[in-house]
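One structure below.
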2 protein chains.
Amino acid sequence: MANETAITPTRQADYPEWYQQVIKAADMAESSPVRGCMVIKPWGYGIWENLQRQLDQRIRDTGHENAYFPLFIPLSFLEKEATHVQGFAKECAVVTHHRLEEKGGKLVPTAPLEEPLIVRPTSETIIGDSFSKWVKSYRDLPLLINQWANVVRWEMRPRLFLRTAEFLWQEGHTVHATEKEAREETMKMLEVYREFAENVLAIPVIAGEKTEGERFPGADNTYCIEAMMQDRKALQAGTSHYLGQNFAKGSDITFTNEQGEIQHAYTTSWGVSTRLIGAMIMTHGDDDGLRVPPKLAPRHVVILPISPKPEQQSAIFAYADSIAASLQSVRYADRTLAVQVDKRDLRGGEKNWQWIKKGIPVRIEVGPRDMESSNVVVYRRDKPHKEKLILKSSEVAEKIAAILEEIQQNYYNEALRTREANIVRNISTFEEFKAFFTPKNQEKPEIHGGFVLAKWCGDSKVEETLKEMKVTIRCMPLEQSGTQGACVITGRPATVDAIFAKAY
Amino acid sequence: MANETAITPTRQADYPEWYQQVIKAADMAESSPVRGCMVIKPWGYGIWENLQRQLDQRIRDTGHENAYFPLFIPLSFLEKEATHVQGFAKECAVVTHHRLEEKGGKLVPTAPLEEPLIVRPTSETIIGDSFSKWVKSYRDLPLLINQWANVVRWEMRPRLFLRTAEFLWQEGHTVHATEKEAREETMKMLEVYREFAENVLAIPVIAGEKTEGERFPGADNTYCIEAMMQDRKALQAGTSHYLGQNFAKGSDITFTNEQGEIQHAYTTSWGVSTRLIGAMIMTHGDDDGLRVPPKLAPRHVVILPISPKPEQQSAIFAYADSIAASLQSVRYADRTLAVQVDKRDLRGGEKNWQWIKKGIPVRIEVGPRDMESSNVVVYRRDKPHKEKLILKSSEVAEKIAAILEEIQQNYYNEALRTREANIVRNISTFEEFKAFFTPKNQEKPEIHGGFVLAKWCGDSKVEETLKEMKVTIRCMPLEQSGTQGACVITGRPATVDAIFAKAY
């Protein structure tokens, strides 16, 4: 594979197709016969489980408890919040019958429901119903609940992990006595997401507020973390919503305050989903396939025994097993190392490339000569594939955690460099702006553009203009310069800094 | 509460109503406005999470990997296995539309699906579709997959945890090259369930095979673990199915064997669900509420600071916190202790009873005198509520794990004694059999009956006769006496030992 890459096409040649091929080559997921739904295979699901465990810990550490609410939402519940219904009642799975009967050799739906149910696209309204019963007094507040669940939003153009009809996520839902507390919660969880994205997913993100046009339907304010993919498009990696009293009014969540008065509560909601796996692929993957940050890797290390002569095999296997045993006592991040000795009867080259494409952080080769000299050969996924590190078998266990942490950091730093190189801060006219977002070659897919950090006058009509160019205001970063300037679109006086980009 | 119980009614007075009240008093779950669906509240969900984590470890330790498959199953998939469709196509949630539109101020379903989808009641057919693509050669076998998911089976008479339209479960699905291997897998997972039920849930179970009439639709053999509740009814706590080649043929799961011939594979499936929480409640609960085995308890220990004088409060709180800190370094079973200091402003008696009703294994009271003498007062949920154990604060941490393990063992032993006392082995005539299962008082609910271990001639017509008495053959225990005898129902010669009981 001297001048070839393991993934065809390369990122540069056709980024969307590269994405699909990386998933396939890593054996992470596949489309299902159910339109828009995906099958998450063990390697992909293992990444999700690691993500879930580490985020769950952060959600607990900030005082939240997990619970579980129904999959179905009665139609009438959706109507409780006027803006919400418009946002979520469009494309969803509607359950209308609860029985199947055989008629003329075919199964047909029978027993129509009095009120159709929709499969939850998000759970504000059904959880709000419970909360209205749970909350009675200020003593019951704050109520801090999280749910891990599947949700369904019908998708016409699904893409694995990024946009699927069914996806997995967590959704936090909290109730507070005051606006101040609810706003603090909203920002606290945004910060949890930022720290998690950067430290666990190794994805640098920009935390900011969405414009009115991009808000969660029913929210007073929506905050988000935005990441840049390697094709320079933005991906919204998590959102945190301050819902004001809108849903409390819709679901009748009231409480008696310390003065004995009954008042509506203030609520928040926040979520991240399996979409983060898509973000991970597109941030770290290279032309040889997936690269999984060690904190998310289903396995940290694969040991590849190489035995040219059949009679050496059992000795080499035993040596490989002993290395594995020494590694399994090591802890990295929040768990003990996951190590696999790959004893499959498969050509060494093919086996090796399978693991490269899966993005395992570390490969360790052990052959007869290594065994004789008590060595192992270590290959890192963040380095060129042929770059060897020869270690004594006795020192692998002691050095592996530092190696994994270096890989984790290198992925983050590399992503940060890519992003910083593609945030443009000096575009000041609409002409420059248009040129920046217009592909040079209309014929073939092309990596171009990036993030434009510029002033926005705050007029939502600007967003309409941008839509024609498929550009959106991703967010108004929390870190604002506070300077005066001219809106990059309208030229009008503007103070707000905004991130403009094409997005997933 | 001298002669009173915390739960009204008692088990003896009205067992089904006692069950509902225990759940309510422990704040575990509640019905939802969606017919048949439940809301699992934090204390109930915490138990599920502990159950899930410990079972998941056992499923991994036996070589399985987790994955995730679609929530929806196309109607035509259900039809792939003839027996299966009859068993599962009856009561299910059918999705027929994928859009809602406002018409005349009301939301109505639009955009009908070409083929209706059903919400998975179990996933053999949709997973089989993936497996048919994943399995090509004998080298791909065995394929050992598990899924944690929600499933839906429409229920007309739901009961929290025991029978709900939506429930949470794990479903294992495996593919093997030979019948022998698939049968070994079926029995291995049955044994995993047995060990898990007894060692984690502290529920003694009888492992056995179901009769043909009670088999999973489409299985060649269904095995189960059966537990006895305190009302002496049986509860099926887990099942493991040998599916032969039935589903492999339905889903076209074929592989090329070592001889180069293409043949159908052999499959298994096995599952346990949130129903296990119902079993736990009904096995261990008493007239003062829930008793959670320590291995499942969301929190192991609550510390209750008692400060009669307001000026002592901060000192007592600090003392309680120091005890909590010393406990949080202790490991019990597979995790560090979960300890809560309950500082709520609530009457001591009420607070104490809340925790008793929640079934927390250990309560520790600390008051001014305890603090002065560096003592703590330990109360155990497996002992009379007033039975105190006074420990030095310095020795609590060292003794707590042994106390928890004792409680875990006591629950198991108590349940085993109850079960053994209510398995009747000397019923030999149908008259005695009928009398055993006929309530003495037809007017009010009554605890009667138990398990009858007796001979069965193997005729499935017997099961029809039993149905009138609401009795079923729960299983043919794996441990068979091998003796000759007469069928307890027909009097015909019989060799098979069977467990007869009323059941949930």
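Residues in the structure tokens are named by chain (A, B, ... in the order shown) and by number from 1 within that chain; ligands are numbered from 1 in the order shown.
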TODO: Using DSSP on the backbone coordinates, identify the residues of range 107-152 of chain A assigned to helix (DSSP H, G or I); present them as a list in words.
DONE: Glu124, Thr125, Ile126, Ile127, Gly128, Asp129, Ser130, Phe131, Ser132, Lys133, Trp134, Tyr138, Arg139 and Asp140 of chain A
Deliver the residues from the most recent selection as a file, using N, CA and C atoms, as a PDB file, in the first residue's frame.
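Contents of the output file result17.pdb:
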ATOM      1  N   GLU A 124     -40.196  16.395  25.799  1.00  0.00           N
ATOM      2  CA  GLU A 124     -40.643  17.478  26.684  1.00  0.00           C
ATOM      3  C   GLU A 124     -42.088  17.298  27.156  1.00  0.00           C
ATOM      4  N   THR A 125     -42.987  16.956  26.220  1.00  0.00           N
ATOM      5  CA  THR A 125     -44.403  16.961  26.583  1.00  0.00           C
ATOM      6  C   THR A 125     -44.788  15.764  27.450  1.00  0.00           C
ATOM      7  N   ILE A 126     -44.243  14.577  27.143  1.00  0.00           N
ATOM      8  CA  ILE A 126     -44.611  13.406  27.951  1.00  0.00           C
ATOM      9  C   ILE A 126     -43.931  13.477  29.320  1.00  0.00           C
ATOM     10  N   ILE A 127     -42.722  13.983  29.368  1.00  0.00           N
ATOM     11  CA  ILE A 127     -42.041  14.125  30.661  1.00  0.00           C
ATOM     12  C   ILE A 127     -42.692  15.257  31.460  1.00  0.00           C
ATOM     13  N   GLY A 128     -43.105  16.299  30.748  1.00  0.00           N
ATOM     14  CA  GLY A 128     -43.799  17.409  31.405  1.00  0.00           C
ATOM     15  C   GLY A 128     -45.043  16.942  32.132  1.00  0.00           C
ATOM     16  N   ASP A 129     -45.727  15.973  31.557  1.00  0.00           N
ATOM     17  CA  ASP A 129     -46.920  15.419  32.204  1.00  0.00           C
ATOM     18  C   ASP A 129     -46.572  14.793  33.555  1.00  0.00           C
ATOM     19  N   SER A 130     -45.486  14.029  33.600  1.00  0.00           N
ATOM     20  CA  SER A 130     -45.052  13.458  34.887  1.00  0.00           C
ATOM     21  C   SER A 130     -44.619  14.558  35.843  1.00  0.00           C
ATOM     22  N   PHE A 131     -43.830  15.487  35.327  1.00  0.00           N
ATOM     23  CA  PHE A 131     -43.317  16.550  36.191  1.00  0.00           C
ATOM     24  C   PHE A 131     -44.458  17.338  36.841  1.00  0.00           C
ATOM     25  N   SER A 132     -45.555  17.521  36.088  1.00  0.00           N
ATOM     26  CA  SER A 132     -46.670  18.289  36.651  1.00  0.00           C
ATOM     27  C   SER A 132     -47.239  17.585  37.884  1.00  0.00           C
ATOM     28  N   LYS A 133     -47.055  16.234  37.935  1.00  0.00           N
ATOM     29  CA  LYS A 133     -47.522  15.505  39.119  1.00  0.00           C
ATOM     30  C   LYS A 133     -46.461  15.467  40.219  1.00  0.00           C
ATOM     31  N   TRP A 134     -45.204  15.451  39.819  1.00  0.00           N
ATOM     32  CA  TRP A 134     -44.123  15.306  40.799  1.00  0.00           C
ATOM     33  C   TRP A 134     -43.826  16.594  41.562  1.00  0.00           C
ATOM     34  N   TYR A 138     -41.935  24.214  46.413  1.00  0.00           N
ATOM     35  CA  TYR A 138     -40.557  24.645  46.140  1.00  0.00           C
ATOM     36  C   TYR A 138     -39.562  23.635  46.704  1.00  0.00           C
ATOM     37  N   ARG A 139     -40.004  22.830  47.704  1.00  0.00           N
ATOM     38  CA  ARG A 139     -39.118  21.819  48.287  1.00  0.00           C
ATOM     39  C   ARG A 139     -38.807  20.700  47.287  1.00  0.00           C
ATOM     40  N   ASP A 140     -39.673  20.534  46.283  1.00  0.00           N
ATOM     41  CA  ASP A 140     -39.434  19.495  45.269  1.00  0.00           C
ATOM     42  C   ASP A 140     -38.453  19.961  44.182  1.00  0.00           C
TER      43      ASP A 140
END
Within 9 Å of Trp169 in chain A, counting only C-alpha atoms, which residues show up once you throw out same-chain ones fewer than 6 positions away? Write them as a JSON list (two decimals) with N, CA and C atoms, in the first residue's frame, please.
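Writing done, so here's selection-v3.json:
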[["chain", "number", "residue", "atom", "x", "y", "z"],
["A", 52, "GLN", "N", -21.39, 6.95, 26.27],
["A", 52, "GLN", "CA", -22.52, 6.98, 27.18],
["A", 52, "GLN", "C", -22.05, 6.91, 28.65],
["A", 147, "GLN", "N", -32.68, 11.11, 30.74],
["A", 147, "GLN", "CA", -33.15, 9.86, 30.15],
["A", 147, "GLN", "C", -32.24, 9.46, 28.98],
["A", 148, "TRP", "N", -31.82, 8.18, 28.94],
["A", 148, "TRP", "CA", -31.16, 7.61, 27.77],
["A", 148, "TRP", "C", -32.23, 6.86, 27.00],
["A", 149, "ALA", "N", -32.39, 7.16, 25.72],
["A", 149, "ALA", "CA", -33.50, 6.57, 24.99],
["A", 149, "ALA", "C", -33.29, 6.61, 23.49],
["A", 150, "ASN", "N", -34.15, 5.91, 22.78],
["A", 150, "ASN", "CA", -34.23, 6.03, 21.33],
["A", 150, "ASN", "C", -35.34, 7.01, 20.97],
["A", 151, "VAL", "N", -35.12, 7.79, 19.93],
["A", 151, "VAL", "CA", -36.14, 8.71, 19.45],
["A", 151, "VAL", "C", -36.26, 8.57, 17.94],
["A", 271, "GLY", "N", -29.51, 17.84, 25.16],
["A", 271, "GLY", "CA", -29.28, 16.50, 24.65],
["A", 271, "GLY", "C", -28.10, 16.38, 23.70],
["A", 272, "VAL", "N", -27.56, 15.18, 23.67],
["A", 272, "VAL", "CA", -26.61, 14.80, 22.61],
["A", 272, "VAL", "C", -26.99, 13.40, 22.15],
["A", 273, "SER", "N", -26.54, 13.04, 20.96],
["A", 273, "SER", "CA", -27.02, 11.79, 20.36],
["A", 273, "SER", "C", -25.89, 11.00, 19.69],
["A", 274, "THR", "N", -26.29, 9.90, 19.05],
["A", 274, "THR", "CA", -25.36, 9.07, 18.29],
["A", 274, "THR", "C", -24.70, 9.87, 17.15],
["A", 275, "ARG", "N", -25.25, 11.03, 16.85],
["A", 275, "ARG", "CA", -24.64, 11.95, 15.91],
["A", 275, "ARG", "C", -23.18, 12.26, 16.28]]
Task: chain A residues near chain B (8 Å cut-off, only C-alpha atoms) as a PyMOL selection string - done: chain A and resi 32+34+37-42+44-46+65-75+89-101+107+109+116+130+154+166
Task: Within 6 Å of range 450-455 of chain B using only C-alpha atoms, minus same-chain residues under 5 positions, as a list of chain:residue names - done: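 What passes the distance filter is B:Arg232, B:Asn422, B:Ile423, B:Val424, B:Arg425, B:Cys487, B:Val488, B:Ala494, B:Val496, B:Asp497, B:Ala498, B:Ile499, B:Phe500, B:Ala501.
Using only C-alpha atoms for every distance, the candidate list A:Glu372, A:Glu387, A:Pro204, A:Asn426 yields A:Asn426 as the residue closest to Gly485 in chain A.
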- [ ] Considering only C-alpha atoms, state which residue in the set B:Thr174, B:Thr490, B:Thr465, B:Gln484 is at the smallest distance from Phe430 in chain B.
- [x]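 For Phe430 in chain B, the nearest of the candidates is B:Thr490.
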Open item on the list: Among range 223-372 of chain B, which ones does DSSP assign to strand (DSSP E or B) (computed from the backbone)? Answer as a VMD selection string.
Closed with: chain B and resid 223 to 228 234 to 242 254 to 256 262 to 264 266 to 273 286 289 301 to 305 331 to 332 335 to 336 339 to 341 362 to 366
Write to file, as a short mmCIF file (atom, residue, chain, number, x, y, z; two decimals), in the first residue's frame, the residues of the selection just made, with N, CA and C atoms.
data_model
loop_
_atom_site.label_atom_id
_atom_site.label_comp_id
_atom_site.auth_asym_id
_atom_site.auth_seq_id
_atom_site.Cartn_x
_atom_site.Cartn_y
_atom_site.Cartn_z
N TYR B 223 -36.37 -22.89 27.27
CA TYR B 223 -35.97 -23.14 28.66
C TYR B 223 -36.22 -21.88 29.47
N CYS B 224 -36.42 -22.06 30.76
CA CYS B 224 -36.76 -20.90 31.58
C CYS B 224 -36.22 -21.05 32.99
N ILE B 225 -36.22 -19.93 33.70
CA ILE B 225 -36.04 -20.00 35.14
C ILE B 225 -37.34 -19.51 35.76
N GLU B 226 -37.82 -20.26 36.75
CA GLU B 226 -39.11 -19.95 37.38
C GLU B 226 -38.88 -19.65 38.85
N ALA B 227 -39.49 -18.56 39.30
CA ALA B 227 -39.34 -18.16 40.70
C ALA B 227 -40.70 -18.21 41.39
N MET B 228 -40.70 -18.39 42.71
CA MET B 228 -41.95 -18.34 43.45
C MET B 228 -42.06 -17.01 44.19
N ALA B 234 -46.08 -18.51 40.54
CA ALA B 234 -44.82 -18.59 39.82
C ALA B 234 -44.64 -17.34 38.95
N LEU B 235 -43.39 -16.97 38.75
CA LEU B 235 -43.08 -15.91 37.81
C LEU B 235 -41.92 -16.37 36.95
N GLN B 236 -42.13 -16.35 35.64
CA GLN B 236 -41.07 -16.69 34.69
C GLN B 236 -40.08 -15.53 34.66
N ALA B 237 -38.84 -15.82 35.05
CA ALA B 237 -37.88 -14.73 35.26
C ALA B 237 -36.89 -14.58 34.11
N GLY B 238 -36.90 -15.52 33.17
CA GLY B 238 -35.98 -15.42 32.04
C GLY B 238 -36.17 -16.63 31.15
N THR B 239 -35.91 -16.47 29.86
CA THR B 239 -36.07 -17.60 28.94
C THR B 239 -34.88 -17.67 27.99
N SER B 240 -34.59 -18.89 27.55
CA SER B 240 -33.52 -19.14 26.59
C SER B 240 -34.06 -20.14 25.57
N HIS B 241 -34.00 -19.75 24.30
CA HIS B 241 -34.65 -20.54 23.26
C HIS B 241 -33.65 -21.16 22.30
N TYR B 242 -33.81 -22.44 22.07
CA TYR B 242 -33.10 -23.09 20.96
C TYR B 242 -34.03 -23.03 19.76
N THR B 254 -27.46 -18.50 5.93
CA THR B 254 -26.73 -19.67 5.46
C THR B 254 -25.23 -19.39 5.53
N PHE B 255 -24.45 -20.48 5.53
CA PHE B 255 -22.99 -20.32 5.54
C PHE B 255 -22.35 -21.47 4.78
N THR B 256 -21.15 -21.22 4.32
CA THR B 256 -20.39 -22.26 3.64
C THR B 256 -19.59 -23.00 4.70
N ILE B 262 -23.03 -25.14 1.19
CA ILE B 262 -23.85 -24.08 1.79
C ILE B 262 -24.94 -24.73 2.62
N GLN B 263 -25.08 -24.30 3.89
CA GLN B 263 -26.15 -24.86 4.72
C GLN B 263 -26.75 -23.81 5.64
N HIS B 264 -27.95 -24.09 6.14
CA HIS B 264 -28.59 -23.18 7.08
C HIS B 264 -27.93 -23.28 8.45
N TYR B 266 -27.83 -22.60 12.76
CA TYR B 266 -28.69 -22.86 13.92
C TYR B 266 -28.65 -21.62 14.80
N THR B 267 -29.80 -21.19 15.30
CA THR B 267 -29.81 -19.95 16.08
C THR B 267 -30.42 -20.15 17.47
N THR B 268 -30.11 -19.20 18.34
CA THR B 268 -30.70 -19.17 19.68
C THR B 268 -31.14 -17.74 19.96
N SER B 269 -32.02 -17.58 20.93
CA SER B 269 -32.28 -16.24 21.48
C SER B 269 -32.66 -16.40 22.95
N TRP B 270 -32.42 -15.35 23.72
CA TRP B 270 -32.63 -15.41 25.17
C TRP B 270 -32.78 -14.00 25.72
N GLY B 271 -33.62 -13.86 26.75
CA GLY B 271 -33.89 -12.52 27.25
C GLY B 271 -34.40 -12.47 28.67
N VAL B 272 -34.11 -11.35 29.31
CA VAL B 272 -34.76 -11.00 30.58
C VAL B 272 -35.14 -9.52 30.50
N SER B 273 -36.09 -9.12 31.32
CA SER B 273 -36.65 -7.78 31.18
C SER B 273 -36.85 -7.08 32.52
N ASP B 286 -41.74 -6.61 52.15
CA ASP B 286 -42.52 -7.04 53.31
C ASP B 286 -43.61 -6.00 53.59
N GLY B 289 -42.81 -2.45 53.10
CA GLY B 289 -42.39 -1.93 51.80
C GLY B 289 -41.30 -2.75 51.12
N VAL B 301 -26.40 2.79 51.50
CA VAL B 301 -26.48 3.31 52.87
C VAL B 301 -27.03 4.73 52.83
N VAL B 302 -27.97 5.01 53.75
CA VAL B 302 -28.35 6.40 53.96
C VAL B 302 -27.91 6.78 55.36
N ILE B 303 -27.35 7.96 55.48
CA ILE B 303 -26.95 8.46 56.80
C ILE B 303 -27.95 9.54 57.21
N LEU B 304 -28.53 9.36 58.39
CA LEU B 304 -29.58 10.26 58.85
C LEU B 304 -29.07 11.06 60.05
N PRO B 305 -28.71 12.31 59.82
CA PRO B 305 -28.23 13.13 60.94
C PRO B 305 -29.42 13.59 61.80
N ARG B 331 -15.52 -0.87 48.53
CA ARG B 331 -16.18 -1.54 47.41
C ARG B 331 -17.03 -2.68 47.93
N TYR B 332 -18.22 -2.83 47.32
CA TYR B 332 -19.03 -4.00 47.60
C TYR B 332 -19.52 -4.54 46.26
N ARG B 335 -18.94 -2.48 42.71
CA ARG B 335 -18.83 -1.01 42.66
C ARG B 335 -18.52 -0.42 44.03
N THR B 336 -18.15 0.85 44.04
CA THR B 336 -17.92 1.51 45.32
C THR B 336 -19.27 1.85 45.92
N VAL B 339 -23.59 6.14 48.88
CA VAL B 339 -24.00 6.60 50.22
C VAL B 339 -24.66 7.96 50.09
N GLN B 340 -25.75 8.15 50.78
CA GLN B 340 -26.40 9.46 50.78
C GLN B 340 -26.54 9.96 52.21
N VAL B 341 -26.19 11.21 52.42
CA VAL B 341 -26.49 11.84 53.71
C VAL B 341 -27.79 12.62 53.49
N VAL B 362 -29.11 -0.36 54.41
CA VAL B 362 -28.59 0.07 55.71
C VAL B 362 -28.92 1.55 55.97
N ARG B 363 -29.45 1.82 57.17
CA ARG B 363 -29.62 3.20 57.62
C ARG B 363 -28.66 3.44 58.77
N ILE B 364 -28.00 4.56 58.75
CA ILE B 364 -27.09 4.90 59.85
C ILE B 364 -27.55 6.20 60.48
N GLU B 365 -27.88 6.15 61.76
CA GLU B 365 -28.29 7.38 62.45
C GLU B 365 -27.11 7.96 63.22
N VAL B 366 -26.98 9.25 63.13
CA VAL B 366 -25.96 9.92 63.95
C VAL B 366 -26.58 11.12 64.65
#
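Going from CA of Glu171 in chain A over to CA of Ala202 in chain A, you cover 21.9 Å.
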Open item on the list: Using only C-alpha atoms, which protein or nucleic acid residues come within 9 Å of range 391-393 of chain B? Drop anything in the same chain fewer than 2 positions from it, and give the result as a PyMOL selection string.
Closed with: chain B and resi 323+370-371+373-378+389+395-397
Go ahead and write the selection's residues with C-alpha atoms as a tab-separated table (two decimals), in the first residue's frame.
chain	number	residue	atom	x	y	z
B	323	ILE	CA	-18.85	8.88	57.95
B	370	ASP	CA	-23.22	9.30	68.99
B	371	MET	CA	-20.94	12.07	67.86
B	373	SER	CA	-18.80	8.99	71.81
B	374	SER	CA	-17.59	8.58	68.17
B	375	ASN	CA	-20.34	6.05	67.55
B	376	VAL	CA	-22.89	5.45	64.87
B	377	VAL	CA	-26.15	3.51	65.09
B	378	VAL	CA	-26.69	1.03	62.29
B	389	LEU	CA	-26.07	-2.13	66.05
B	395	GLU	CA	-14.96	0.62	62.22
B	396	VAL	CA	-18.03	1.23	60.02
B	397	ALA	CA	-16.08	1.32	56.79
- [ ] Give me, please, the distance in Å between CA of Lys440 in chain B and CA of Ala6 in chain B, quoted to one decimal.
- [x]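 Atom-to-atom, CA of Lys440 in chain B to CA of Ala6 in chain B, that is 27.8 Å.
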- [ ] Go through A:Ala401, A:Ala333, A:Ile473, A:Ile23 and flag the residue nearest Arg53 in chain A, using only C-alpha atoms for the distances.
- [x]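 Distance minimum relative to Arg53 in chain A lands on A:Ala333.
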Open item on the list: Just to confirm, what's the straight-line distance from CA of Pro445 in chain A to CA of Glu17 in chain A in Å (one decimal)?
Closed with: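 It comes out at 9.8 Å.
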TODO: Could you check which of B:Glu181, B:Lys295, B:Pro9, B:Ser314 is closest to Gly367 in chain B, using only C-alpha atoms?
DONE: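 Between B:Glu181, B:Lys295, B:Pro9, B:Ser314, the residue approaching Gly367 in chain B most closely is B:Ser314.
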- [ ] Find the residue from B:Ala324, B:Val192, B:Met280, B:Met156 that sits nearest to Val22 in chain B; use only C-alpha atoms when measuring.
- [x] B:Met280
Range 220-306 of chain A near range 403-406 of chain A within 9 Å: what's each residue's closest atom pair and its distance in Å to one decimal, counting only C-alpha atoms, ordered by chain then ascending residue number, as CSV?
residue,atom,partner,partner_atom,distance
A:Pro293,CA,A:Leu404,CA,8.6
A:Pro294,CA,A:Leu404,CA,6.0
A:Lys295,CA,A:Leu404,CA,8.4
A:His300,CA,A:Leu404,CA,7.9
- [ ] Counting only C-alpha atoms, figure out which residue out of B:Ser307, B:Thr211, B:Thr429, B:Asn50 gets nearest to Lys461 in chain B.
- [x]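 For Lys461 in chain B, the nearest of the given residues is B:Thr211.
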